[in-house]
$ cat start34.txt   # compact mmCIF, C-alpha atoms
# COMPACT_ATOMS: atom_id res chain seq x y z
CA MET A 212 62.02 32.93 -33.84
CA HIS A 213 64.62 31.96 -31.28
CA ILE A 214 67.14 29.26 -32.22
CA TRP A 215 67.89 26.62 -29.56
CA VAL A 216 70.76 24.16 -29.92
CA ASP A 217 71.13 20.84 -28.13
CA ALA A 218 74.83 21.59 -28.04
CA ASP A 219 76.37 18.59 -26.27
CA ALA A 220 76.35 16.50 -29.43
CA CYS A 221 76.16 19.24 -32.05
CA PRO A 222 79.22 19.22 -34.33
CA VAL A 223 81.46 22.30 -34.19
CA VAL A 224 81.03 22.98 -37.93
CA ILE A 225 77.25 23.13 -37.46
CA LYS A 226 77.64 25.53 -34.53
CA GLU A 227 79.78 27.76 -36.76
CA ILE A 228 77.07 27.79 -39.43
CA LEU A 229 74.56 28.71 -36.74
CA TYR A 230 76.72 31.58 -35.42
CA ARG A 231 76.89 33.08 -38.92
CA ALA A 232 73.16 32.54 -39.51
CA SER A 233 72.30 34.19 -36.19
CA GLN A 234 74.16 37.33 -37.27
CA ARG A 235 72.90 37.31 -40.85
CA TRP A 236 69.24 36.82 -39.88
CA GLN A 237 69.49 38.76 -36.59
CA ARG A 238 68.05 35.88 -34.55
CA SER A 239 68.88 35.01 -30.96
CA LEU A 240 70.78 31.75 -30.59
CA THR A 241 71.07 29.78 -27.35
CA LEU A 242 73.32 26.74 -27.01
CA VAL A 243 72.43 24.43 -24.12
CA ALA A 244 75.00 21.93 -22.83
CA ASN A 245 76.23 20.33 -19.63
CA GLN A 246 79.72 21.68 -20.24
CA MET A 247 81.26 25.12 -20.77
CA LEU A 248 80.99 26.33 -24.35
CA ARG A 249 82.91 29.05 -26.12
CA THR A 250 80.76 31.29 -28.25
CA PRO A 251 81.66 34.26 -30.41
CA PRO A 252 81.19 37.68 -28.82
CA SER A 253 77.70 38.69 -29.89
CA PRO A 254 74.64 40.03 -28.11
CA LEU A 255 72.61 37.48 -30.10
CA VAL A 256 74.53 34.36 -29.01
CA ARG A 257 74.59 32.87 -25.54
CA ALA A 258 75.49 29.55 -23.96
CA VAL A 259 73.65 27.99 -21.05
CA GLN A 260 75.46 25.40 -18.96
CA VAL A 261 73.11 23.00 -17.22
CA PRO A 262 74.08 20.47 -14.54
CA ARG A 263 75.27 17.04 -15.65
CA GLY A 264 72.58 14.41 -15.78
CA PHE A 265 70.37 12.44 -18.08
CA ASP A 266 68.28 14.73 -20.34
CA VAL A 267 68.97 17.87 -18.27
CA ALA A 268 69.80 19.92 -21.38
CA ASP A 269 66.77 18.49 -23.18
CA ASP A 270 64.51 19.38 -20.26
CA TYR A 271 65.87 22.94 -20.24
CA ILE A 272 65.14 23.37 -23.95
CA VAL A 273 61.63 21.93 -23.63
CA LYS A 274 60.90 24.23 -20.69
CA HIS A 275 62.05 27.38 -22.51
CA VAL A 276 61.10 26.77 -26.15
CA SER A 277 58.12 28.64 -27.57
CA ALA A 278 55.86 27.96 -30.53
CA GLY A 279 57.62 29.01 -33.72
CA ASP A 280 61.14 28.67 -32.28
CA LEU A 281 63.70 26.48 -34.02
CA VAL A 282 65.51 23.65 -32.23
CA ILE A 283 68.66 22.04 -33.65
CA THR A 284 69.01 18.48 -32.39
CA GLY A 285 69.66 14.94 -33.49
CA ASP A 286 67.90 13.65 -30.36
CA ILE A 287 64.64 12.08 -31.58
CA PRO A 288 62.79 12.11 -28.22
CA LEU A 289 63.71 15.79 -27.73
CA ALA A 290 62.53 16.54 -31.27
CA ALA A 291 59.18 14.90 -30.49
CA GLN A 292 58.78 16.96 -27.32
CA VAL A 293 59.47 20.31 -28.96
CA LEU A 294 57.27 19.45 -31.92
CA ASP A 295 54.47 18.97 -29.38
CA ARG A 296 55.14 22.57 -28.32
CA ASN A 297 54.76 23.74 -31.96
CA ALA A 298 58.44 24.47 -32.46
CA LEU A 299 60.39 23.66 -35.62
CA VAL A 300 63.12 21.01 -35.53
CA LEU A 301 66.14 20.54 -37.74
CA SER A 302 68.80 17.85 -37.32
CA PRO A 303 72.51 18.71 -37.66
CA ARG A 304 72.36 16.86 -40.99
CA GLY A 305 69.62 19.14 -42.30
CA GLU A 306 66.69 16.77 -41.86
CA ARG A 307 63.51 18.60 -40.91
CA TYR A 308 61.50 16.67 -38.35
CA THR A 309 57.76 17.19 -38.47
CA VAL A 310 54.74 15.88 -36.59
CA ASP A 311 54.14 13.61 -39.60
CA THR A 312 57.64 12.08 -39.61
CA ILE A 313 58.67 11.98 -35.96
CA ARG A 314 56.64 8.91 -34.95
CA GLU A 315 58.39 6.80 -37.59
CA ARG A 316 61.78 8.12 -36.42
CA LEU A 317 60.88 7.28 -32.79
CA SER A 318 59.91 3.73 -33.81
CA LEU A 319 63.15 3.25 -35.74
CA ARG A 320 65.17 4.61 -32.81
CA ASP A 321 63.42 2.25 -30.39
CA MET A 322 64.02 -0.74 -32.68
CA MET A 323 67.73 0.08 -32.98
CA GLU A 324 68.00 0.52 -29.22
CA GLU A 325 66.39 -2.89 -28.71
CA LEU A 326 68.82 -4.51 -31.15
CA ARG A 327 71.78 -2.93 -29.33
CA SER A 328 70.45 -4.22 -25.99
CA LEU A 329 70.46 -7.71 -27.50
CA GLY A 330 74.13 -7.32 -28.41
CA VAL A 331 73.71 -6.56 -32.11
CA ASP A 332 76.35 -4.13 -33.40
CA THR A 333 74.27 -1.56 -35.27
CA GLY A 334 77.19 0.79 -35.94
CA GLY A 335 76.98 4.49 -35.43
CA PRO A 336 76.15 7.41 -37.63
CA ALA A 337 78.48 8.22 -40.48
CA ALA A 338 80.86 11.13 -40.07
CA LEU A 339 79.38 14.49 -41.01
CA SER A 340 80.24 15.05 -44.67
CA GLN A 341 80.63 18.23 -46.68
CA SER A 342 77.32 17.35 -48.31
CA ASP A 343 75.67 17.08 -44.87
CA ARG A 344 76.99 20.54 -43.99
CA ARG A 345 75.59 22.02 -47.21
CA THR A 346 72.27 20.27 -46.67
CA PHE A 347 72.07 21.70 -43.14
CA ALA A 348 73.02 25.24 -44.23
CA ASN A 349 70.48 25.16 -47.07
CA ALA A 350 67.68 23.82 -44.85
CA LEU A 351 68.48 26.46 -42.21
CA ASP A 352 68.42 29.24 -44.81
CA ARG A 353 65.03 28.04 -46.11
CA LEU A 354 63.59 28.09 -42.58
CA MET A 355 65.06 31.53 -41.85
CA LEU A 356 63.74 32.93 -45.13
CA HIS A 357 60.29 31.52 -44.43
CA ALA A 358 60.33 33.03 -40.92
CA ALA A 359 61.47 36.40 -42.27
CA ARG A 360 58.56 36.46 -44.73
CA ALA A 361 55.98 35.47 -42.09
$ encode --input "start34.txt" --output "structure tokens"
Amino acid sequence: MHIWVDADACPVVIKEILYRASQRWQRSLTLVANQMLRTPPSPLVRAVQVPRGFDVADDYIVKHVSAGDLVITGDIPLAAQVLDRNALVLSPRGERYTVDTIRERLSLRDMMEELRSLGVDTGGPAALSQSDRRTFANALDRLMLHAARA
């Protein structure tokens, strides 16, 4: 299992959890972003800088992800695409996206986008809390443990 990170919007604290998990579970970790990223010195961790542009990082991840890989993203359309490639998806808040749940999430996203286009202030996501960090770390550990047993 390779771990892919949609790194442009991934919080730093989540990246730090992923760096530690990569070492602990001995899994390759690739962060994909349209800007330079600093990563810890490790043969397991690498950063890929893609050109600026709409969905360029997403397209890179979709092109390179394999069945059974894990993708960390809060981007619902990207999650849907990698689920179609039989990859696992976890949000930075620890929510596991599945084939069964992603269609509902896409519908909700589209509805919120439509409201914003009509001028409705829908607010943004809440700041990442300590509880969100724990939820993410626990969900990641469960996935890594499951993969190690498989």
$ closest_residue --input "start34.txt" --among "A:Leu229, A:Ala361, A:Ala258, A:Ala298" --to "Asn349 in chain A" --atoms "only C-alpha atoms"
A:Leu229
$ closest_residue --input "start34.txt" --among "A:Phe347, A:Trp236, A:Tyr308, A:Trp215" --to "Asp269 in chain A" --atoms "only C-alpha atoms"
A:Trp215
$ atom_distance --input "start34.txt" --atom1 "CA of Leu354 in chain A" --atom2 "CA of Asp266 in chain A"
26.4 Å
$ atom_distance --input "start34.txt" --atom1 "CA of Ser239 in chain A" --atom2 "CA of Leu294 in chain A"
19.4 Å
$ atom_distance --input "start34.txt" --atom1 "CA of Ala337 in chain A" --atom2 "CA of Ala220 in chain A"
14.0 Å
$ axis_aligned_box --input "start34.txt" --around "range 213-224 of chain A" --padding-each-side "3 Å" --output "lines of an AutoDock Vina configuration file"
center_x = 73.0
center_y = 24.2
center_z = -32.1
size_x = 22.8
size_y = 21.5
size_z = 17.7
$ closest_residue --input "start34.txt" --among "A:Asp270, A:Glu227, A:Glu325, A:Asp286" --to "Val256 in chain A" --atoms "all atoms listed in the file"
A:Glu227
$ closest_residue --input "start34.txt" --among "A:Arg316, A:Lys274, A:Arg307, A:Pro262" --to "Pro288 in chain A" --atoms "all atoms listed in the file"
A:Arg316
$ residues_around --input "start34.txt" --residues "Leu356 in chain A" --least-positions-apart "5" --cutoff "12 Å" --atoms "only C-alpha atoms" --output "list in words"
Met212, Ala232, Arg235, Trp236, Gln237, Arg238, Asn349, Ala350, Leu351 and Ala361 of chain A
$ closest_residue --input "start34.txt" --among "A:Val259, A:Val273, A:Val243, A:Leu301" --to "Arg353 in chain A" --atoms "only C-alpha atoms"
A:Leu301
$ closest_residue --input "start34.txt" --among "A:Gln234, A:Asn297, A:Thr284, A:Ser302" --to "Asp217 in chain A" --atoms "all atoms listed in the file"
A:Thr284
$ residues_around --input "start34.txt" --residues "Asn245 in chain A" --least-positions-apart "6" --cutoff "8 Å" --atoms "all atoms listed in the file" --output "list in words"
Asp219, Gln260, Val261, Pro262, Arg263, Gly264, Val267 and Ala268 of chain A
$ build_atoms --input "start34.txt" --residues "range 345-356 of chain A" --atoms "all heavy atoms" --output "PDB file, in the frame of the given file"
ATOM      1  N   ARG A 345      76.338  21.219 -46.228  1.00  0.00           N
ATOM      2  CA  ARG A 345      75.590  22.020 -47.210  1.00  0.00           C
ATOM      3  C   ARG A 345      74.092  21.823 -47.055  1.00  0.00           C
ATOM      4  O   ARG A 345      73.322  22.781 -47.100  1.00  0.00           O
ATOM      5  CB  ARG A 345      76.006  21.642 -48.638  1.00  0.00           C
ATOM      6  CG  ARG A 345      77.104  22.481 -49.213  1.00  0.00           C
ATOM      7  CD  ARG A 345      77.273  22.248 -50.711  1.00  0.00           C
ATOM      8  NE  ARG A 345      77.355  20.852 -51.086  1.00  0.00           N
ATOM      9  CZ  ARG A 345      78.455  20.119 -51.044  1.00  0.00           C
ATOM     10  NH1 ARG A 345      79.578  20.645 -50.624  1.00  0.00           N
ATOM     11  NH2 ARG A 345      78.442  18.854 -51.410  1.00  0.00           N
ATOM     12  N   THR A 346      73.689  20.570 -46.843  1.00  0.00           N
ATOM     13  CA  THR A 346      72.270  20.270 -46.670  1.00  0.00           C
ATOM     14  C   THR A 346      71.728  21.006 -45.441  1.00  0.00           C
ATOM     15  O   THR A 346      70.643  21.594 -45.482  1.00  0.00           O
ATOM     16  CB  THR A 346      72.047  18.750 -46.515  1.00  0.00           C
ATOM     17  OG1 THR A 346      72.508  18.107 -47.708  1.00  0.00           O
ATOM     18  CG2 THR A 346      70.589  18.408 -46.295  1.00  0.00           C
ATOM     19  N   PHE A 347      72.490  20.997 -44.342  1.00  0.00           N
ATOM     20  CA  PHE A 347      72.070  21.700 -43.140  1.00  0.00           C
ATOM     21  C   PHE A 347      71.960  23.203 -43.405  1.00  0.00           C
ATOM     22  O   PHE A 347      70.959  23.836 -43.058  1.00  0.00           O
ATOM     23  CB  PHE A 347      73.036  21.443 -41.973  1.00  0.00           C
ATOM     24  CG  PHE A 347      72.680  22.244 -40.755  1.00  0.00           C
ATOM     25  CD1 PHE A 347      71.675  21.823 -39.907  1.00  0.00           C
ATOM     26  CD2 PHE A 347      73.318  23.451 -40.480  1.00  0.00           C
ATOM     27  CE1 PHE A 347      71.301  22.579 -38.798  1.00  0.00           C
ATOM     28  CE2 PHE A 347      72.963  24.208 -39.378  1.00  0.00           C
ATOM     29  CZ  PHE A 347      71.954  23.781 -38.534  1.00  0.00           C
ATOM     30  N   ALA A 348      73.011  23.787 -43.979  1.00  0.00           N
ATOM     31  CA  ALA A 348      73.020  25.240 -44.230  1.00  0.00           C
ATOM     32  C   ALA A 348      71.853  25.638 -45.138  1.00  0.00           C
ATOM     33  O   ALA A 348      71.195  26.657 -44.893  1.00  0.00           O
ATOM     34  CB  ALA A 348      74.352  25.658 -44.841  1.00  0.00           C
ATOM     35  N   ASN A 349      71.582  24.850 -46.163  1.00  0.00           N
ATOM     36  CA  ASN A 349      70.480  25.160 -47.070  1.00  0.00           C
ATOM     37  C   ASN A 349      69.123  25.046 -46.377  1.00  0.00           C
ATOM     38  O   ASN A 349      68.242  25.892 -46.563  1.00  0.00           O
ATOM     39  CB  ASN A 349      70.512  24.257 -48.304  1.00  0.00           C
ATOM     40  CG  ASN A 349      71.679  24.569 -49.212  1.00  0.00           C
ATOM     41  OD1 ASN A 349      72.231  25.673 -49.202  1.00  0.00           O
ATOM     42  ND2 ASN A 349      72.099  23.585 -49.997  1.00  0.00           N
ATOM     43  N   ALA A 350      68.946  24.005 -45.584  1.00  0.00           N
ATOM     44  CA  ALA A 350      67.680  23.820 -44.850  1.00  0.00           C
ATOM     45  C   ALA A 350      67.482  24.962 -43.845  1.00  0.00           C
ATOM     46  O   ALA A 350      66.372  25.486 -43.698  1.00  0.00           O
ATOM     47  CB  ALA A 350      67.666  22.467 -44.152  1.00  0.00           C
ATOM     48  N   LEU A 351      68.560  25.353 -43.159  1.00  0.00           N
ATOM     49  CA  LEU A 351      68.480  26.460 -42.210  1.00  0.00           C
ATOM     50  C   LEU A 351      68.110  27.753 -42.926  1.00  0.00           C
ATOM     51  O   LEU A 351      67.236  28.493 -42.465  1.00  0.00           O
ATOM     52  CB  LEU A 351      69.823  26.603 -41.478  1.00  0.00           C
ATOM     53  CG  LEU A 351      69.908  27.733 -40.459  1.00  0.00           C
ATOM     54  CD1 LEU A 351      68.910  27.515 -39.322  1.00  0.00           C
ATOM     55  CD2 LEU A 351      71.330  27.839 -39.918  1.00  0.00           C
ATOM     56  N   ASP A 352      68.741  28.027 -44.054  1.00  0.00           N
ATOM     57  CA  ASP A 352      68.420  29.240 -44.810  1.00  0.00           C
ATOM     58  C   ASP A 352      66.961  29.252 -45.258  1.00  0.00           C
ATOM     59  O   ASP A 352      66.301  30.297 -45.205  1.00  0.00           O
ATOM     60  CB  ASP A 352      69.344  29.398 -46.018  1.00  0.00           C
ATOM     61  CG  ASP A 352      70.679  30.023 -45.650  1.00  0.00           C
ATOM     62  OD1 ASP A 352      70.792  30.611 -44.558  1.00  0.00           O
ATOM     63  OD2 ASP A 352      71.621  29.924 -46.464  1.00  0.00           O
ATOM     64  N   ARG A 353      66.453  28.111 -45.698  1.00  0.00           N
ATOM     65  CA  ARG A 353      65.030  28.040 -46.110  1.00  0.00           C
ATOM     66  C   ARG A 353      64.119  28.371 -44.935  1.00  0.00           C
ATOM     67  O   ARG A 353      63.149  29.127 -45.081  1.00  0.00           O
ATOM     68  CB  ARG A 353      64.704  26.658 -46.668  1.00  0.00           C
ATOM     69  CG  ARG A 353      65.136  26.453 -48.099  1.00  0.00           C
ATOM     70  CD  ARG A 353      64.541  25.187 -48.704  1.00  0.00           C
ATOM     71  NE  ARG A 353      64.879  23.981 -47.983  1.00  0.00           N
ATOM     72  CZ  ARG A 353      65.993  23.274 -48.163  1.00  0.00           C
ATOM     73  NH1 ARG A 353      66.895  23.670 -49.043  1.00  0.00           N
ATOM     74  NH2 ARG A 353      66.211  22.185 -47.465  1.00  0.00           N
ATOM     75  N   LEU A 354      64.404  27.816 -43.764  1.00  0.00           N
ATOM     76  CA  LEU A 354      63.590  28.090 -42.580  1.00  0.00           C
ATOM     77  C   LEU A 354      63.677  29.563 -42.172  1.00  0.00           C
ATOM     78  O   LEU A 354      62.666  30.178 -41.822  1.00  0.00           O
ATOM     79  CB  LEU A 354      64.011  27.202 -41.410  1.00  0.00           C
ATOM     80  CG  LEU A 354      63.589  25.749 -41.490  1.00  0.00           C
ATOM     81  CD1 LEU A 354      64.234  24.944 -40.362  1.00  0.00           C
ATOM     82  CD2 LEU A 354      62.089  25.610 -41.433  1.00  0.00           C
ATOM     83  N   MET A 355      64.875  30.125 -42.224  1.00  0.00           N
ATOM     84  CA  MET A 355      65.060  31.530 -41.850  1.00  0.00           C
ATOM     85  C   MET A 355      64.346  32.458 -42.842  1.00  0.00           C
ATOM     86  O   MET A 355      63.705  33.432 -42.435  1.00  0.00           O
ATOM     87  CB  MET A 355      66.540  31.896 -41.787  1.00  0.00           C
ATOM     88  CG  MET A 355      67.315  31.213 -40.696  1.00  0.00           C
ATOM     89  SD  MET A 355      66.865  31.766 -39.043  1.00  0.00           S
ATOM     90  CE  MET A 355      65.842  30.442 -38.507  1.00  0.00           C
ATOM     91  N   LEU A 356      64.428  32.130 -44.109  1.00  0.00           N
ATOM     92  CA  LEU A 356      63.740  32.930 -45.130  1.00  0.00           C
ATOM     93  C   LEU A 356      62.236  32.864 -44.934  1.00  0.00           C
ATOM     94  O   LEU A 356      61.540  33.889 -44.999  1.00  0.00           O
ATOM     95  CB  LEU A 356      64.145  32.439 -46.536  1.00  0.00           C
ATOM     96  CG  LEU A 356      63.609  33.242 -47.698  1.00  0.00           C
ATOM     97  CD1 LEU A 356      64.071  34.690 -47.620  1.00  0.00           C
ATOM     98  CD2 LEU A 356      64.058  32.604 -49.010  1.00  0.00           C
TER      99      LEU A 356
END
